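Remarks on the structure that follows.
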Amino acid sequence: MANKVVVGAQWGDEGKAKITDLLATDADLIIRYQGGCNAGHTVVVNGKTFKFHLIPSGILYKGKTCFIGNGTVILPEYFEQEIEGLKKENIDLSGLKVSPLATITMPWHTEVDGYSEDNAQKGKIGTTKKGIGPTYTDKMGRIALKIEDLYSPEALSEKLDVILPLKNKQLKEVYGLKTYTKEEVIELCNKYAKIFEPYVCFDWQEMLHRFKKDGKKILFEGAQGVMLDVDFGTYPFVTSSNPIGGGACTGSGYGPTIIDEVIGVAKAYVTRVGEGPFVSELSNDVGDKIREVGHEYGVTTGRARRCGWFDAVTMKYACLVGGLTSIALTKIDVFDEFEEIKICTAYKDTRNGKIYSSYPTDVYIHKFLEPVYETHAGWMSDITGIKKYEDLPLNARKYLERLEEILETPISIVSVGPDREQTIFKN
Ligand code: GDP
Ligand code: IMO
Ligand code: MG
């Protein structure tokens, strides 16, 4: 197996965890490289469902190393809860490792996230309220705590002398929120130190080096998706990290030369949770049918996902900026009872008729855009048990081949159900 990155190619929830779990069969090291517990990743094995937020979806295999990289932000209490849940299921956690360089989400980060969302008059993002934006803001602002700080009382004390006066002023004066004493934060950090102790990997450099030197297979698991990327997504309606393939390097400790393939996971339609533009959104009974058949409700927040037809404009953009070498197309079975299926191939500006076949990055104009569709006949049969590409109904194959043609990128995996087994490897 080549070293692969699994990237969400839409607005998240594409089925990345299913694909990661599947590809993890052949991997030795699985690395989660960005995001935090805003992610909700579902893996179904023999009918049993597992939900992950921070822990790499490769954890279900014994004997593999699962590394939570430096590019992630970690809410300790949530991490602890996830660990406890897996222990109850008797999942072997001996291969789980956390980078000492990962950033800690402190209580003030979740409080500020919640405050900003609840009090936004305009520009609400619809975040998961897990403190993601405020934690990454402080990381870039150089006033965040890293996991390694928990094990160095002097460094922690010095850092808090810089961070707390600034943070308390901001919490009190900007947000009118509770402030923190140094003693209180140190006590909290001692608790966090215990939570991470069994997993923190201080010799991560040796570990990564050894895997590389021994020619072991490395799989990177992205969270969120290209259209939520802080640089390339529908900014400001994005998350605060880089889910694109490039994020696998800044978030793991490996450089770009380690990567052989980037697999973009996309649904056969599009969903989005939270606010922000979505040109092919269906606010009608077709959208409702997709939501109900596809069970499109968030894993982390339970929110109903907005649904729409496959958007080849954003997907083509995702192929470029995500660095995709191939596509894993999921949930195609959701269309089993659809007489017709549409693909959005371009956007039309309702003000002047201008056609966009490349993604316009200025989201301000998206409210003036309408989708241009091509329509395909459905297959009207149950494909959830099909194992071979040739056995798919002709109309399903035509649909897939048309997508490959538009996107100029091969579809390497077709997923026809949530279970590991319900997967077709194409070519
Ligand atoms: P992720 O965040 O990208 O890992 O995706 P989520 O777990 O949030 O959402 C994907 C949902 O679709 C989960 O409930 C999966 O079990 C389910 N799923 C994945 N692939 C398929 C598929 O091919 N068909 C169907 N029907 N469900 C799928
Ligand atoms: P997975 O990994 C779908 C969305 C939120 C919101 C925006 C910013 O399961 O695909 P944040 O809490 O990150 O500051 O919220 O990003 N969002 C996701 N949408 N799937 C996710 O993760 C998401 N993680 C964040 O709904 O619109
Ligand atoms: Mg998800």
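Letters A, B, ... mark the chains of the structure tokens in the order given; residue numbers begin at 1 per chain; ligand numbers begin at 1, in order shown.
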I'd like the neighbourhood of Glu339 of chain A as a tab-separated table (two decimals) with N, CA and C atoms, in the first residue's frame, where a residue qualifies if any of its atoms comes within 10 Å (using only C-alpha atoms), though same-chain residues fewer than 5 positions away should be ignored.
```
chain	number	residue	atom	x	y	z
A	376	HIS	N	-29.78	12.91	-14.95
A	376	HIS	CA	-29.52	11.52	-15.31
A	376	HIS	C	-30.64	10.63	-14.81
A	377	ALA	N	-30.91	9.57	-15.55
A	377	ALA	CA	-31.94	8.63	-15.11
A	377	ALA	C	-31.40	7.79	-13.96
A	378	GLY	N	-32.25	7.53	-12.97
A	378	GLY	CA	-31.83	6.69	-11.84
A	378	GLY	C	-31.85	5.22	-12.23
A	379	TRP	N	-31.57	4.34	-11.26
A	379	TRP	CA	-31.51	2.90	-11.58
A	379	TRP	C	-32.65	2.13	-10.90
A	380	MET	N	-33.31	2.75	-9.94
A	380	MET	CA	-34.51	2.19	-9.32
A	380	MET	C	-34.35	0.71	-8.91
```
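Taking only C-alpha atoms and all ligand atoms into account, ligand 3 has within 6 Å the residues Gly12, Asp13, Ala39, Gly40, His41 and Val299 of chain A.
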Could you dump the residues just selected with N, CA, C and O atoms as a PDB file, in the first residue's frame?
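Once everything was written out, this is part-v9.pdb:
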```pdb
ATOM      1  N   GLY A  12     -17.760  18.262   4.755  1.00  0.00           N
ATOM      2  CA  GLY A  12     -17.693  17.352   5.888  1.00  0.00           C
ATOM      3  C   GLY A  12     -18.767  16.272   5.805  1.00  0.00           C
ATOM      4  O   GLY A  12     -19.662  16.314   4.946  1.00  0.00           O
ATOM      5  N   ASP A  13     -18.627  15.253   6.660  1.00  0.00           N
ATOM      6  CA  ASP A  13     -19.593  14.156   6.772  1.00  0.00           C
ATOM      7  C   ASP A  13     -19.755  13.358   5.479  1.00  0.00           C
ATOM      8  O   ASP A  13     -20.825  12.829   5.187  1.00  0.00           O
ATOM      9  N   ALA A  39     -15.410  17.151  14.825  1.00  0.00           N
ATOM     10  CA  ALA A  39     -15.602  16.037  13.903  1.00  0.00           C
ATOM     11  C   ALA A  39     -16.492  14.968  14.526  1.00  0.00           C
ATOM     12  O   ALA A  39     -16.458  14.746  15.739  1.00  0.00           O
ATOM     13  N   GLY A  40     -17.287  14.316  13.684  1.00  0.00           N
ATOM     14  CA  GLY A  40     -18.072  13.164  14.120  1.00  0.00           C
ATOM     15  C   GLY A  40     -17.908  12.105  13.048  1.00  0.00           C
ATOM     16  O   GLY A  40     -18.379  12.278  11.935  1.00  0.00           O
ATOM     17  N   HIS A  41     -17.165  11.056  13.357  1.00  0.00           N
ATOM     18  CA  HIS A  41     -16.790  10.060  12.351  1.00  0.00           C
ATOM     19  C   HIS A  41     -17.422   8.711  12.685  1.00  0.00           C
ATOM     20  O   HIS A  41     -17.216   8.185  13.774  1.00  0.00           O
ATOM     21  N   VAL A 299     -23.496  13.853  13.648  1.00  0.00           N
ATOM     22  CA  VAL A 299     -23.006  12.904  14.667  1.00  0.00           C
ATOM     23  C   VAL A 299     -22.649  13.660  15.949  1.00  0.00           C
ATOM     24  O   VAL A 299     -22.871  13.186  17.059  1.00  0.00           O
TER      25      VAL A 299
END
```
*Spatial neighbours of Asp113 of chain A, 10 Å, only C-alpha atoms, chain gap at least 3 places, as a list in words*: Trp108, His109, Thr110, Ser116, Glu117, Asp118, Thr127, Thr128, Lys129, Lys130, Gly131, Ile132, Gly133, Pro134 and Thr135 of chain A
*Within 9 Å of ligand 2, counting only C-alpha atoms and all ligand atoms, which protein or nucleic acid residues do you find, written as a PyMOL selection string?*
chain A and resi 8+10-17+35-42+52-53+113+125-134+222-225+228-229+236-241+243+271-276+298-301+303+305
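With only C-alpha atoms and all ligand atoms as the atoms that count, the minimum distance from ligand 1 to the choices A:Ile143, A:Val43, A:Val279, A:Val262 is reached by A:Val43.
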*Using backbone DSSP assignments, extract all strand (DSSP E) residues from segment 269-422 of chain A; output them as number ranges by chain.*
A: 269-272, 306-311, 326-330, 340-349, 355-356, 369-377, 411-415
Please produce a file of the residues just selected, as a CSV table (one decimal), in the first residue's frame, where the atoms kept are N, CA and C atoms.
```
chain,number,residue,atom,x,y,z
A,269,TYR,N,-24.2,13.1,-3.3
A,269,TYR,CA,-25.0,14.4,-3.2
A,269,TYR,C,-24.1,15.3,-2.3
A,270,VAL,N,-24.7,16.4,-1.8
A,270,VAL,CA,-23.9,17.3,-0.9
A,270,VAL,C,-24.7,17.6,0.3
A,271,THR,N,-24.0,17.6,1.5
A,271,THR,CA,-24.7,18.1,2.7
A,271,THR,C,-23.8,19.2,3.3
A,272,ARG,N,-24.5,19.9,4.2
A,272,ARG,CA,-23.7,21.0,4.9
A,272,ARG,C,-24.5,21.2,6.2
A,306,ARG,N,-28.2,20.2,5.9
A,306,ARG,CA,-28.8,20.7,4.6
A,306,ARG,C,-28.4,19.8,3.5
A,307,CYS,N,-29.3,19.5,2.6
A,307,CYS,CA,-29.0,18.6,1.5
A,307,CYS,C,-29.2,19.2,0.1
A,308,GLY,N,-28.4,18.7,-0.9
A,308,GLY,CA,-28.5,19.2,-2.2
A,308,GLY,C,-27.9,18.3,-3.2
A,309,TRP,N,-28.1,18.6,-4.5
A,309,TRP,CA,-27.5,17.7,-5.6
A,309,TRP,C,-26.0,17.8,-5.6
A,310,PHE,N,-25.4,16.8,-6.2
A,310,PHE,CA,-23.9,16.8,-6.3
A,310,PHE,C,-23.4,18.1,-7.0
A,311,ASP,N,-22.4,18.7,-6.4
A,311,ASP,CA,-22.0,20.0,-6.9
A,311,ASP,C,-20.6,19.8,-7.6
A,326,SER,N,-7.5,10.5,-6.4
A,326,SER,CA,-8.7,9.7,-6.8
A,326,SER,C,-9.8,10.1,-5.8
A,327,ILE,N,-11.0,9.6,-6.1
A,327,ILE,CA,-12.2,9.9,-5.4
A,327,ILE,C,-12.8,8.6,-4.8
A,328,ALA,N,-13.3,8.7,-3.6
A,328,ALA,CA,-14.1,7.6,-3.0
A,328,ALA,C,-15.6,8.2,-3.0
A,329,LEU,N,-16.4,7.7,-3.8
A,329,LEU,CA,-17.8,8.2,-3.8
A,329,LEU,C,-18.7,7.4,-2.9
A,330,THR,N,-19.3,8.0,-1.9
A,330,THR,CA,-20.1,7.3,-0.9
A,330,THR,C,-21.6,7.6,-1.1
A,340,GLU,N,-34.8,10.3,-11.0
A,340,GLU,CA,-33.8,11.1,-11.7
A,340,GLU,C,-32.8,11.7,-10.7
A,341,ILE,N,-31.6,11.9,-11.2
A,341,ILE,CA,-30.5,12.4,-10.3
A,341,ILE,C,-29.9,13.5,-11.1
A,342,LYS,N,-29.6,14.6,-10.4
A,342,LYS,CA,-29.0,15.8,-11.0
A,342,LYS,C,-27.5,16.0,-10.6
A,343,ILE,N,-26.8,16.6,-11.5
A,343,ILE,CA,-25.4,17.0,-11.2
A,343,ILE,C,-25.4,18.5,-11.5
A,344,CYS,N,-24.9,19.3,-10.5
A,344,CYS,CA,-24.7,20.7,-10.8
A,344,CYS,C,-23.3,20.9,-11.5
A,345,THR,N,-23.4,21.3,-12.8
A,345,THR,CA,-22.2,21.4,-13.5
A,345,THR,C,-21.6,22.8,-13.6
A,346,ALA,N,-22.4,23.8,-13.3
A,346,ALA,CA,-22.0,25.2,-13.4
A,346,ALA,C,-22.9,26.1,-12.5
A,347,TYR,N,-22.5,27.3,-12.3
A,347,TYR,CA,-23.4,28.3,-11.6
A,347,TYR,C,-23.7,29.4,-12.6
A,348,LYS,N,-25.0,29.9,-12.4
A,348,LYS,CA,-25.4,31.0,-13.3
A,348,LYS,C,-25.7,32.2,-12.4
A,349,ASP,N,-25.1,33.3,-12.7
A,349,ASP,CA,-25.3,34.6,-12.0
A,349,ASP,C,-26.7,35.2,-12.4
A,355,ILE,N,-22.0,32.7,-16.6
A,355,ILE,CA,-21.9,31.3,-16.2
A,355,ILE,C,-20.5,31.0,-15.5
A,356,TYR,N,-20.5,30.4,-14.4
A,356,TYR,CA,-19.3,30.0,-13.7
A,356,TYR,C,-19.1,28.5,-13.8
A,369,LEU,N,-26.3,33.3,-7.2
A,369,LEU,CA,-26.0,32.2,-8.1
A,369,LEU,C,-27.1,31.2,-8.0
A,370,GLU,N,-27.4,30.6,-9.2
A,370,GLU,CA,-28.3,29.4,-9.2
A,370,GLU,C,-27.6,28.3,-9.9
A,371,PRO,N,-27.9,27.0,-9.6
A,371,PRO,CA,-27.2,25.9,-10.2
A,371,PRO,C,-27.7,25.6,-11.6
A,372,VAL,N,-26.7,25.2,-12.4
A,372,VAL,CA,-27.1,24.7,-13.8
A,372,VAL,C,-26.9,23.2,-13.7
A,373,TYR,N,-28.0,22.5,-14.0
A,373,TYR,CA,-28.0,21.0,-13.8
A,373,TYR,C,-28.0,20.2,-15.1
A,374,GLU,N,-27.4,19.0,-15.0
A,374,GLU,CA,-27.7,18.0,-16.1
A,374,GLU,C,-28.4,16.9,-15.3
A,375,THR,N,-29.3,16.3,-16.0
A,375,THR,CA,-30.2,15.3,-15.4
A,375,THR,C,-29.9,13.9,-15.9
A,376,HIS,N,-29.8,12.9,-14.9
A,376,HIS,CA,-29.5,11.5,-15.3
A,376,HIS,C,-30.6,10.6,-14.8
A,377,ALA,N,-30.9,9.6,-15.6
A,377,ALA,CA,-31.9,8.6,-15.1
A,377,ALA,C,-31.4,7.8,-14.0
A,411,ILE,N,-12.6,7.7,-10.0
A,411,ILE,CA,-13.3,7.2,-8.8
A,411,ILE,C,-12.7,5.8,-8.5
A,412,SER,N,-12.0,5.7,-7.4
A,412,SER,CA,-11.4,4.4,-7.1
A,412,SER,C,-12.2,3.6,-6.2
A,413,ILE,N,-13.1,4.2,-5.4
A,413,ILE,CA,-13.9,3.4,-4.4
A,413,ILE,C,-15.4,3.9,-4.6
A,414,VAL,N,-16.3,2.9,-4.6
A,414,VAL,CA,-17.7,3.3,-4.6
A,414,VAL,C,-18.3,2.6,-3.3
A,415,SER,N,-19.0,3.4,-2.5
A,415,SER,CA,-19.5,2.9,-1.3
A,415,SER,C,-21.0,2.8,-1.4
```
*Contacts of Gly322 of chain A at 6 Å or less, counting only C-alpha atoms, minus same-chain residues fewer than 3 places along, as a list in words?*
Ile244, Gly245, Ala318 and Cys319 of chain A
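Residue neighbourhood of Thr25 of chain A, excluding near-sequence residues (fewer than 2 positions): Met1, Lys18, Ile19, Thr20, Asp21, Leu22, Leu23, Ala27, Asp28, Leu29, Ile30, Ser57, Gly58, Ile59, Leu60, Tyr61, Lys62, Gly63, Lys64, Lys217, Ile218, Leu219 and Arg420 of chain A, at 12 Å, using only C-alpha atoms.
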*asked:* Using DSSP secondary structure from the backbone, list all helix (DSSP H, G or I) positions within segment 98-239 of chain A, as number ranges by chain.
replied: A: 107-119, 132-140, 147-151, 153-175, 182-196, 204-213, 226-228
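With only C-alpha atoms as the atoms that count, the residue of A:Leu324, A:Pro256, A:Tyr115, A:Pro410 with the shortest distance to Val174 of chain A is A:Tyr115.
If only C-alpha atoms and all ligand atoms are the atoms counted, then among A:Asp214, A:Asp382, A:Asp333, A:Glu173 the closest residue to ligand 1 is A:Asp333.
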Name all residues at most 12 Å from Glu183 of chain A (count only C-alpha atoms; drop same-chain ones fewer than 6 positions away) and give them as a PDB file with N, CA and C atoms, in the first residue's frame.
```pdb
ATOM      1  N   LEU A 156       4.744  25.946  32.321  1.00  0.00           N
ATOM      2  CA  LEU A 156       3.312  26.231  32.444  1.00  0.00           C
ATOM      3  C   LEU A 156       3.107  27.521  33.239  1.00  0.00           C
ATOM      4  N   SER A 157       3.838  27.635  34.354  1.00  0.00           N
ATOM      5  CA  SER A 157       3.691  28.825  35.199  1.00  0.00           C
ATOM      6  C   SER A 157       4.079  30.086  34.420  1.00  0.00           C
ATOM      7  N   LEU A 160       1.443  30.864  31.766  1.00  0.00           N
ATOM      8  CA  LEU A 160       0.187  31.384  32.314  1.00  0.00           C
ATOM      9  C   LEU A 160       0.334  32.842  32.743  1.00  0.00           C
ATOM     10  N   ASP A 161       1.557  33.220  33.174  1.00  0.00           N
ATOM     11  CA  ASP A 161       1.766  34.630  33.542  1.00  0.00           C
ATOM     12  C   ASP A 161       1.599  35.548  32.337  1.00  0.00           C
ATOM     13  N   LEU A 164      -2.745  34.514  31.026  1.00  0.00           N
ATOM     14  CA  LEU A 164      -3.935  34.815  31.834  1.00  0.00           C
ATOM     15  C   LEU A 164      -4.311  36.303  31.931  1.00  0.00           C
ATOM     16  N   CYS A 189      -4.982  21.950  34.815  1.00  0.00           N
ATOM     17  CA  CYS A 189      -3.916  21.368  33.986  1.00  0.00           C
ATOM     18  C   CYS A 189      -3.378  20.080  34.610  1.00  0.00           C
ATOM     19  N   ASN A 190      -3.355  20.013  35.921  1.00  0.00           N
ATOM     20  CA  ASN A 190      -2.912  18.782  36.574  1.00  0.00           C
ATOM     21  C   ASN A 190      -3.880  17.639  36.266  1.00  0.00           C
TER      22      ASN A 190
END
```
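Interatomic distance, atom CA of Ile186 of chain A against atom CA of Ser94 of chain A: 28.2 Å.
Nearest to Phe278 of chain A of all the residues A:Gly251, A:Gly246, A:Ile365, A:Glu292 is A:Ile365, based on only C-alpha atoms.
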*Restricting the calculation to only C-alpha atoms and all ligand atoms, which member of A:Phe196, A:Tyr317, A:Phe211, A:Tyr297 is positioned closest to ligand 1?*
A:Tyr297
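Comparing the minimum interatomic distances between ligand 1 and each of A:Glu80, A:Asp92, A:Glu421, A:Asp260, counting only C-alpha atoms and all ligand atoms, we find that A:Glu421 sits nearest.
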*Using atom CA of Met227 of chain A and atom CA of Asp26 of chain A as the two end points, give the distance in Å to one decimal.*
28.5 Å
